[in-house]
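query.csv follows (CSV, C-alpha atoms):
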chain,number,residue,atom,x,y,z
A,1,MET,CA,-35.4,-37.3,43.6
A,2,LYS,CA,-36.0,-34.3,41.3
A,3,GLY,CA,-37.2,-32.2,44.1
A,4,SER,CA,-34.2,-33.0,46.3
A,5,GLY,CA,-31.8,-32.0,43.4
A,6,THR,CA,-33.4,-28.6,42.9
A,7,ILE,CA,-32.0,-26.8,45.9
A,8,PRO,CA,-28.4,-27.9,45.4
A,9,THR,CA,-28.6,-26.9,41.7
A,10,LEU,CA,-30.0,-23.5,42.7
A,11,ILE,CA,-27.2,-23.0,45.3
A,12,ILE,CA,-24.6,-24.1,42.8
A,13,PHE,CA,-26.1,-21.7,40.2
A,14,VAL,CA,-26.0,-18.8,42.6
A,15,VAL,CA,-22.5,-19.6,43.7
A,16,ILE,CA,-21.3,-19.8,40.0
A,17,VAL,CA,-23.0,-16.6,39.0
A,18,VAL,CA,-21.7,-14.6,42.1
A,19,THR,CA,-18.2,-16.1,41.7
A,20,SER,CA,-18.3,-15.3,38.0
A,21,LEU,CA,-19.4,-11.7,38.7
A,22,LEU,CA,-16.6,-11.3,41.3
A,23,VAL,CA,-13.9,-12.9,39.2
A,24,PHE,CA,-14.7,-11.4,35.9
A,25,LEU,CA,-16.3,-8.0,36.6
A,26,VAL,CA,-15.2,-6.8,40.0
A,27,LEU,CA,-11.7,-8.1,40.2
A,28,PRO,CA,-10.4,-6.7,36.9
A,29,ASN,CA,-11.7,-3.3,37.8
A,30,ILE,CA,-10.1,-3.4,41.2
A,31,ILE,CA,-6.8,-4.6,39.6
A,32,SER,CA,-7.1,-1.9,36.9
A,33,VAL,CA,-7.7,0.7,39.6
A,34,TRP,CA,-4.7,-0.5,41.5
A,35,GLU,CA,-2.5,-0.7,38.4
A,36,SER,CA,-3.6,2.5,36.8
A,37,SER,CA,-1.8,5.7,37.7
A,38,CYS,CA,-4.9,7.5,38.7
A,39,ASP,CA,-4.6,10.3,41.2
A,40,PHE,CA,-7.3,8.7,43.3
A,41,VAL,CA,-4.9,6.0,44.4
A,42,SER,CA,-2.7,8.5,46.2
A,43,ASN,CA,-5.7,10.1,47.8
A,44,VAL,CA,-7.6,8.9,50.8
A,45,VAL,CA,-9.5,5.9,49.5
A,46,SER,CA,-12.4,6.2,52.0
A,47,THR,CA,-13.6,9.5,50.5
A,48,VAL,CA,-13.8,8.1,47.0
A,49,THR,CA,-17.2,7.0,45.8
A,50,LEU,CA,-17.8,4.2,43.3
A,51,GLN,CA,-18.8,6.8,40.6
A,52,GLN,CA,-15.5,8.7,41.2
A,53,VAL,CA,-13.6,5.5,40.8
A,54,LYS,CA,-15.4,4.8,37.6
A,55,ASN,CA,-14.8,8.2,36.2
A,56,ALA,CA,-11.3,8.6,37.3
A,57,CYS,CA,-10.0,5.1,36.4
A,58,THR,CA,-11.5,4.1,33.1
A,59,LYS,CA,-8.4,2.3,32.0
A,60,SER,CA,-9.1,-1.3,31.0
A,61,PRO,CA,-6.6,-4.1,31.7
A,62,VAL,CA,-6.6,-5.0,28.0
A,63,GLN,CA,-6.7,-2.4,25.3
A,64,ILE,CA,-7.2,-3.3,21.7
A,65,GLU,CA,-6.1,-0.6,19.3
A,66,VAL,CA,-6.9,-0.9,15.6
A,67,VAL,CA,-4.9,1.5,13.5
A,68,ILE,CA,-6.1,1.7,9.8
A,69,LYS,CA,-3.3,3.0,7.5
A,70,PRO,CA,-4.5,3.1,3.9
A,71,GLU,CA,-1.6,2.5,1.6
A,72,TYR,CA,-1.4,4.7,-1.5
A,73,LEU,CA,0.4,3.1,-4.4
A,74,PRO,CA,2.1,5.3,-7.0
A,75,LEU,CA,2.3,2.8,-9.9
A,76,VAL,CA,6.0,3.2,-10.4
A,77,ALA,CA,6.4,-0.3,-11.9
A,78,ASP,CA,3.8,0.4,-14.6
A,79,HIS,CA,5.4,3.7,-15.5
A,80,ALA,CA,8.9,2.2,-15.5
A,81,LEU,CA,7.9,-0.6,-17.8
A,82,ARG,CA,6.2,1.6,-20.3
A,83,ALA,CA,9.0,4.1,-20.3
A,84,LEU,CA,11.6,1.4,-20.7
A,85,LEU,CA,9.9,0.0,-23.8
A,86,GLU,CA,9.4,3.4,-25.3
A,87,THR,CA,13.1,4.6,-24.9
A,88,THR,CA,15.4,4.6,-27.9
A,89,ASP,CA,18.8,2.9,-28.0
A,90,SER,CA,21.1,5.6,-29.4
A,91,SER,CA,23.5,3.2,-31.1
A,92,SER,CA,21.0,1.2,-33.1
A,93,GLY,CA,18.4,3.9,-33.3
A,94,LYS,CA,15.6,1.4,-32.3
A,95,GLN,CA,13.3,1.4,-29.4
A,96,VAL,CA,13.9,-1.0,-26.6
A,97,GLN,CA,10.6,-2.8,-27.3
A,98,GLU,CA,11.7,-3.5,-30.9
A,99,LEU,CA,15.1,-4.8,-29.8
A,100,LEU,CA,13.5,-7.1,-27.2
A,101,ALA,CA,11.2,-8.4,-29.9
A,102,TYR,CA,14.2,-9.1,-32.2
A,103,GLY,CA,16.0,-10.8,-29.3
A,104,VAL,CA,13.0,-13.1,-28.6
A,105,GLN,CA,12.7,-14.0,-32.2
A,106,ASN,CA,16.4,-14.9,-32.4
A,107,LYS,CA,16.3,-16.4,-28.8
A,108,LYS,CA,19.6,-14.6,-28.1
A,109,PRO,CA,20.2,-11.6,-25.8
A,110,THR,CA,23.1,-10.5,-28.1
A,111,PHE,CA,22.6,-10.2,-31.8
A,112,SER,CA,23.5,-8.1,-34.8
A,113,LEU,CA,21.0,-5.7,-36.3
A,114,ASP,CA,21.7,-3.6,-39.4
A,115,GLY,CA,25.4,-4.3,-39.0
A,116,LYS,CA,25.4,-3.1,-35.4
A,117,ASN,CA,26.0,-5.3,-32.4
A,118,VAL,CA,23.1,-5.2,-29.9
A,119,GLU,CA,23.5,-6.3,-26.2
A,120,LEU,CA,20.1,-6.3,-24.7
A,121,GLU,CA,21.2,-6.7,-21.1
A,122,LYS,CA,23.5,-3.7,-21.3
A,123,ILE,CA,20.9,-1.6,-23.0
A,124,VAL,CA,18.2,-2.5,-20.5
A,125,ASP,CA,20.5,-1.9,-17.6
A,126,ASP,CA,21.6,1.5,-18.9
A,127,LYS,CA,17.9,2.6,-19.4
A,128,MET,CA,16.8,1.3,-16.0
A,129,ASN,CA,19.6,3.1,-14.2
A,130,SER,CA,18.2,6.4,-15.6
A,131,LEU,CA,14.5,5.5,-15.0
A,132,LEU,CA,14.9,4.0,-11.5
A,133,PRO,CA,18.2,5.0,-10.0
A,134,ASP,CA,19.1,3.3,-6.7
A,135,ARG,CA,16.5,0.6,-7.2
A,136,GLU,CA,16.7,-3.1,-8.0
A,137,TYR,CA,14.9,-4.5,-10.9
A,138,SER,CA,14.3,-7.7,-12.8
A,139,LEU,CA,13.0,-7.8,-16.4
A,140,VAL,CA,11.7,-11.2,-17.5
A,141,VAL,CA,11.0,-11.5,-21.2
A,142,SER,CA,9.0,-14.5,-22.3
A,143,ASN,CA,10.9,-16.8,-19.9
A,144,LEU,CA,13.9,-16.5,-22.2
A,145,PHE,CA,15.7,-13.5,-20.7
A,146,ASN,CA,16.0,-12.3,-17.2
A,147,PHE,CA,17.9,-9.0,-16.9
A,148,GLY,CA,18.8,-7.3,-13.6
A,149,ASN,CA,18.5,-9.3,-10.4
A,150,PRO,CA,17.2,-12.7,-11.5
A,151,ASN,CA,15.9,-13.6,-8.1
A,152,LEU,CA,13.9,-10.5,-7.5
A,153,GLY,CA,10.6,-11.9,-8.8
A,154,ASP,CA,10.7,-14.8,-6.3
A,155,LEU,CA,11.7,-12.5,-3.5
A,156,LEU,CA,8.8,-10.1,-4.1
A,157,ARG,CA,6.2,-12.8,-4.6
A,158,PRO,CA,3.7,-12.6,-1.8
A,159,ALA,CA,3.6,-15.5,0.6
A,160,SER,CA,-0.2,-15.9,0.7
A,161,GLY,CA,-3.0,-13.8,-0.7
A,162,ASP,CA,-1.3,-10.4,-0.7
A,163,ALA,CA,-1.6,-9.9,-4.4
A,164,GLY,CA,-2.9,-6.3,-4.0
A,165,ASN,CA,0.4,-5.2,-2.6
A,166,PHE,CA,2.3,-7.2,-5.2
A,167,THR,CA,1.0,-4.8,-8.0
A,168,LYS,CA,3.2,-2.1,-6.4
A,169,TYR,CA,6.3,-3.9,-7.5
A,170,LYS,CA,5.2,-5.7,-10.6
A,171,SER,CA,4.1,-4.7,-14.0
A,172,SER,CA,3.5,-6.8,-17.2
A,173,THR,CA,2.6,-6.3,-20.8
A,174,THR,CA,3.0,-8.1,-24.1
A,175,LEU,CA,5.2,-7.5,-27.1
A,176,THR,CA,4.7,-8.6,-30.6
A,177,THR,CA,7.7,-10.2,-32.3
A,178,PRO,CA,8.5,-9.7,-36.0
A,179,ASP,CA,7.0,-13.1,-36.8
A,180,MET,CA,3.7,-11.9,-35.1
A,181,LYS,CA,4.0,-13.9,-31.9
A,182,LYS,CA,2.9,-12.3,-28.6
A,183,VAL,CA,5.3,-12.6,-25.7
A,184,GLN,CA,5.0,-11.5,-22.1
A,185,VAL,CA,7.3,-8.9,-20.5
A,186,VAL,CA,7.3,-8.6,-16.7
A,187,LEU,CA,9.1,-6.0,-14.7
A,188,PHE,CA,9.8,-6.4,-11.0
A,189,ILE,CA,11.2,-3.5,-9.0
A,190,ARG,CA,12.3,-3.0,-5.4
B,1,MET,CA,-48.6,-32.9,38.5
B,2,LYS,CA,-45.9,-32.8,41.1
B,3,GLY,CA,-43.3,-34.1,38.6
B,4,GLN,CA,-44.3,-31.3,36.2
B,5,LEU,CA,-44.1,-28.6,38.8
B,6,HIS,CA,-40.6,-29.7,39.7
B,7,PHE,CA,-39.4,-30.4,36.2
B,8,ALA,CA,-40.3,-27.0,34.7
B,9,PRO,CA,-38.4,-24.8,37.2
B,10,GLU,CA,-35.3,-27.0,37.1
B,11,ILE,CA,-35.1,-26.6,33.3
B,12,MET,CA,-35.8,-22.9,33.6
B,13,ILE,CA,-33.2,-22.5,36.3
B,14,LYS,CA,-30.6,-24.2,34.2
B,15,ALA,CA,-31.5,-22.1,31.2
B,16,LEU,CA,-31.4,-19.0,33.2
B,17,GLY,CA,-28.0,-20.1,34.6
B,18,PHE,CA,-26.6,-20.5,31.1
B,19,ILE,CA,-28.0,-17.1,30.1
B,20,PHE,CA,-26.5,-15.4,33.1
B,21,ILE,CA,-23.2,-17.0,32.6
B,22,ALA,CA,-23.2,-16.1,28.9
B,23,ILE,CA,-24.1,-12.5,29.8
B,24,THR,CA,-21.4,-12.5,32.4
B,25,LEU,CA,-18.8,-13.7,30.0
B,26,ILE,CA,-19.8,-11.1,27.3
B,27,ALA,CA,-19.9,-8.3,29.9
B,28,THR,CA,-16.5,-9.5,31.1
B,29,LEU,CA,-15.0,-9.3,27.6
B,30,PHE,CA,-16.3,-5.8,27.2
B,31,SER,CA,-15.1,-4.7,30.7
B,32,LEU,CA,-11.7,-6.3,30.2
B,33,GLN,CA,-11.1,-4.9,26.8
B,34,GLN,CA,-11.2,-1.3,25.4
B,35,TYR,CA,-11.4,-0.9,21.7
B,36,SER,CA,-10.2,2.1,19.8
B,37,ILE,CA,-10.0,2.5,16.1
B,38,THR,CA,-7.7,5.1,14.6
B,39,TYR,CA,-7.7,6.1,10.9
B,40,GLU,CA,-4.4,7.4,9.8
B,41,GLY,CA,-5.0,8.7,6.3
B,42,ARG,CA,-2.4,10.7,4.4
B,43,PRO,CA,-4.4,13.0,2.2
B,44,GLU,CA,-1.4,15.0,1.1
B,45,LEU,CA,0.3,11.9,-0.4
B,46,ARG,CA,-2.9,10.8,-2.0
B,47,GLN,CA,-3.4,14.2,-3.6
B,48,LEU,CA,0.2,14.3,-4.7
B,49,ILE,CA,-0.3,10.9,-6.5
B,50,ASP,CA,-3.5,12.2,-8.1
B,51,TYR,CA,-1.7,15.3,-9.2
B,52,SER,CA,1.3,13.5,-10.5
B,53,GLU,CA,-0.8,11.1,-12.6
B,54,ASN,CA,-2.7,14.0,-14.1
B,55,TYR,CA,0.5,15.9,-14.8
B,56,LEU,CA,2.0,12.8,-16.6
B,57,SER,CA,-0.9,12.8,-19.0
B,58,SER,CA,-1.2,16.6,-19.3
B,59,LYS,CA,-1.8,17.5,-22.9
B,60,CYS,CA,0.4,20.6,-22.6
B,61,ILE,CA,3.6,18.7,-22.1
B,62,THR,CA,3.0,15.1,-23.4
B,63,TYR,CA,4.2,13.9,-26.7
B,64,GLU,CA,1.5,13.7,-29.4
B,65,ASP,CA,1.4,11.5,-32.5
B,66,HIS,CA,-1.5,11.7,-34.8
B,67,GLY,CA,-3.9,12.9,-32.1
B,68,THR,CA,-2.7,10.3,-29.5
B,69,PHE,CA,-1.1,11.7,-26.4
B,70,PHE,CA,1.4,9.4,-24.7
B,71,LYS,CA,1.2,9.4,-20.9
B,72,GLY,CA,4.6,9.7,-19.3
B,73,VAL,CA,6.3,10.8,-22.5
B,74,PHE,CA,7.1,14.5,-22.4
B,75,ASP,CA,7.7,16.5,-25.5
B,76,LYS,CA,11.0,18.4,-25.1
B,77,ASN,CA,9.7,21.4,-27.1
B,78,LYS,CA,6.6,21.6,-24.8
B,79,LEU,CA,8.7,21.3,-21.7
B,80,ASP,CA,10.9,24.1,-22.9
B,81,LYS,CA,7.9,26.4,-23.2
B,82,ASN,CA,5.9,25.4,-20.1
B,83,VAL,CA,7.2,22.9,-17.7
B,84,GLY,CA,4.4,23.7,-15.2
B,85,GLY,CA,1.9,22.0,-17.5
B,86,CYS,CA,-1.7,23.2,-17.8
B,87,ILE,CA,-3.2,21.8,-14.7
B,88,THR,CA,-3.5,23.7,-11.4
B,89,PHE,CA,-3.3,22.4,-7.9
B,90,SER,CA,-4.4,24.0,-4.7
B,91,LYS,CA,-1.0,23.6,-3.1
B,92,PRO,CA,2.4,24.7,-4.2
B,93,VAL,CA,4.2,21.9,-6.1
B,94,THR,CA,7.8,21.6,-7.2
B,95,ILE,CA,8.4,19.6,-10.3
B,96,ILE,CA,11.9,18.6,-11.4
B,97,ILE,CA,12.5,16.6,-14.6
B,98,LYS,CA,15.9,15.3,-15.6
B,99,ASP,CA,16.8,13.0,-18.5
B,100,GLN,CA,19.7,10.8,-19.5
B,101,LYS,CA,21.0,13.4,-22.0
B,102,GLY,CA,21.5,16.0,-19.3
B,103,GLY,CA,18.2,17.9,-20.0
B,104,SER,CA,16.8,19.5,-16.9
B,105,TRP,CA,13.5,21.3,-16.3
B,106,SER,CA,12.0,22.6,-13.1
B,107,SER,CA,9.0,24.4,-11.9
B,108,ARG,CA,9.2,25.8,-8.4
B,109,PRO,CA,6.7,27.9,-6.5
B,110,ALA,CA,7.8,30.9,-4.5
B,111,SER,CA,9.9,29.8,-1.5
B,112,SER,CA,7.5,31.4,0.9
B,113,LEU,CA,4.8,29.0,-0.3
B,114,LEU,CA,6.7,25.8,0.3
B,115,SER,CA,5.3,23.8,3.1
B,116,LEU,CA,7.5,22.5,5.9
B,117,SER,CA,6.1,19.0,5.9
B,118,SER,CA,6.9,17.8,2.3
B,119,GLN,CA,5.9,14.7,0.4
B,120,ARG,CA,8.1,13.6,-2.5
B,121,LEU,CA,7.5,11.1,-5.3
B,122,THR,CA,9.7,10.0,-8.1
B,123,TYR,CA,8.4,8.7,-11.4
B,124,PRO,CA,10.2,7.2,-14.4
B,125,ILE,CA,9.5,9.2,-17.5
B,126,VAL,CA,10.6,9.6,-21.1
B,127,VAL,CA,11.5,12.8,-22.9
B,128,LYS,CA,10.9,12.9,-26.6
B,129,TYR,CA,13.6,14.7,-28.5
B,130,SER,CA,13.4,15.2,-32.2
B,131,ASP,CA,15.1,11.9,-33.0
B,132,GLN,CA,14.8,9.7,-30.0
B,133,PHE,CA,13.1,8.9,-26.7
B,134,VAL,CA,15.3,9.5,-23.7
B,135,PRO,CA,14.7,8.0,-20.3
B,136,GLY,CA,14.6,10.2,-17.2
B,137,ILE,CA,13.0,10.9,-13.9
B,138,MET,CA,10.4,13.3,-12.6
B,139,GLU,CA,10.5,14.4,-9.0
B,140,VAL,CA,7.3,15.9,-7.6
B,141,THR,CA,7.4,17.6,-4.2
B,142,ILE,CA,4.4,19.1,-2.3

For this file, produce the structure as C-alpha cells.
Amino acid sequence: MKGSGTIPTLIIFVVIVVTSLLVFLVLPNIISVWESSCDFVSNVVSTVTLQQVKNACTKSPVQIEVVIKPEYLPLVADHALRALLETTDSSSGKQVQELLAYGVQNKKPTFSLDGKNVELEKIVDDKMNSLLPDREYSLVVSNLFNFGNPNLGDLLRPASGDAGNFTKYKSSTTLTTPDMKKVQVVLFIR
Amino acid sequence: MKGQLHFAPEIMIKALGFIFIAITLIATLFSLQQYSITYEGRPELRQLIDYSENYLSSKCITYEDHGTFFKGVFDKNKLDKNVGGCITFSKPVTIIIKDQKGGSWSSRPASSLLSLSSQRLTYPIVVKYSDQFVPGIMEVTI
C-alpha cells in the first residue's frame, strides 16, 4: 500500500511545486511587466530577452517604503514652566512661584498679600501670553488650581505608549509652600 | 527491508516538498515586495536646537546670582552690551529677543549670508531687569 501511494504523492508534489512557481513567481512578474510603464511594452516583444525584461522592468507589484523621520524636540514646555515661575508680578513685586505657593497654602486662587489683591489666574494668563503667544496652555497646581484650558491635559494625554512624544507638551516641577509642603506644578502646552 | 526502502523516500519526499514550498513562499514574498528605507533627517533643525540651548545658557548674557547662572534668564545689562552672546556657530543666525516691557534686542548677520531655506524656533525666556523678572520670547532663525 505504501508503494502504491508513492507515485501519486510524487505527482501531487511536483504539481504543487510547479503550480506554486507559476502562480507566485512567474505570474506576478508577468503582471508587473504588463502593468509597469516600461518602454519594452511598446516595443516588439519577440526581440526582448528575459534578461532585458528583468533589467527594464524591475518594478514589483507591492512596494514597501519605510520613511524614518526623526523628531527633534525643542523643550518649549520646560522652558515655559521655568520662565513662568521665575517671572515677577509687577503689582505685588513677588515671583509667580511665590504667589502660587501662597495660593496653595490658602487653597484659594484669589487672596490678599501685603494689602494687595492677588488674582493668580489673571497673573498666570498675563505671563503665559507673553511667554507663549498664540498657544494654548493648562497649568495644574497641586490638583487645586487649573489655569488656562482645563481640558488640555486630557486632550494631550497619549492614547497608548507614546509617552516620549508627550514630553514635548508637558513639563512638571515642584514648589515648596510657606508651610514647607511640596506641591506639584504641571504645565501642558499646545 | 522493502517497507524500509519505501518508507524512507516517502518521508524525504514530503520533507522536501515542505522545504520547496517554504522556499517558494519566501521567494514569492521577496519577488512580490520591494523594500526601500529612506532616512529623512533634518540636520539644520537639530543644529538650531543645539545652538539655541547653548545660547540660552551662555554665560555672557544669562543672569548670574552668587556664581549661579540661570538658564533662560537673560541679564538686561548683558543683552545691551552683547546680544550675540559668546558662542559661535558655523552658520549665520538671527536672534530676536522681545519682552513684555517692550524691550527688544536683535542680532542679525549680513543679509547676504542669510540662507534661503530658513528654520525658525521660538523659546520662552525671562529678562532680568534691576527690580524684576520680565517674561518674553526669543526667536532664533537659521

(message) Under the rule that all atoms listed in the file are counted, which of B:Thr28, B:Ser107, B:Thr68, B:Ser57 is the nearest residue to Thr141 of chain B?
(response)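 Answer, going by the shortest atom-to-atom distance: B:Ser107.
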
(message) Residues of chain B were defined as contacting chain A if any atom lay at most 7 Å from it, counting all atoms listed in the file; please report them as a ChimeraX atom specification.
(response) /B:6,10,17,20-21,24,28,31-41,46,49,100,123-126,132-137

(message) One number please: atom CA of Leu120 of chain A to atom CA of Asn146 of chain A, in Å, one decimal.
(response)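 These atoms are spaced 10.4 Å apart.
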
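One finds atom CA of Ile123 of chain A at 25.6 Å from atom CA of Leu121 of chain B.
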
Extract, using all atoms listed in the file, all DNA, RNA and protein residues at most 8 Å from segment 171-174 of chain A, discarding same-chain residues fewer than 6 positions from it, and format them as a compact mmCIF listing (two decimals) with C-alpha atoms, in the coordinates of the input.
# COMPACT_ATOMS: atom_id res chain seq x y z
CA ALA A 77 6.40 -0.30 -11.90
CA ASP A 78 3.80 0.40 -14.60
CA LEU A 81 7.90 -0.60 -17.80
CA LYS A 182 2.90 -12.30 -28.60
CA VAL A 183 5.30 -12.60 -25.70
CA GLN A 184 5.00 -11.50 -22.10
CA VAL A 185 7.30 -8.90 -20.50
CA VAL A 186 7.30 -8.60 -16.70
CA LEU A 187 9.10 -6.00 -14.70
CA PHE A 188 9.80 -6.40 -11.00
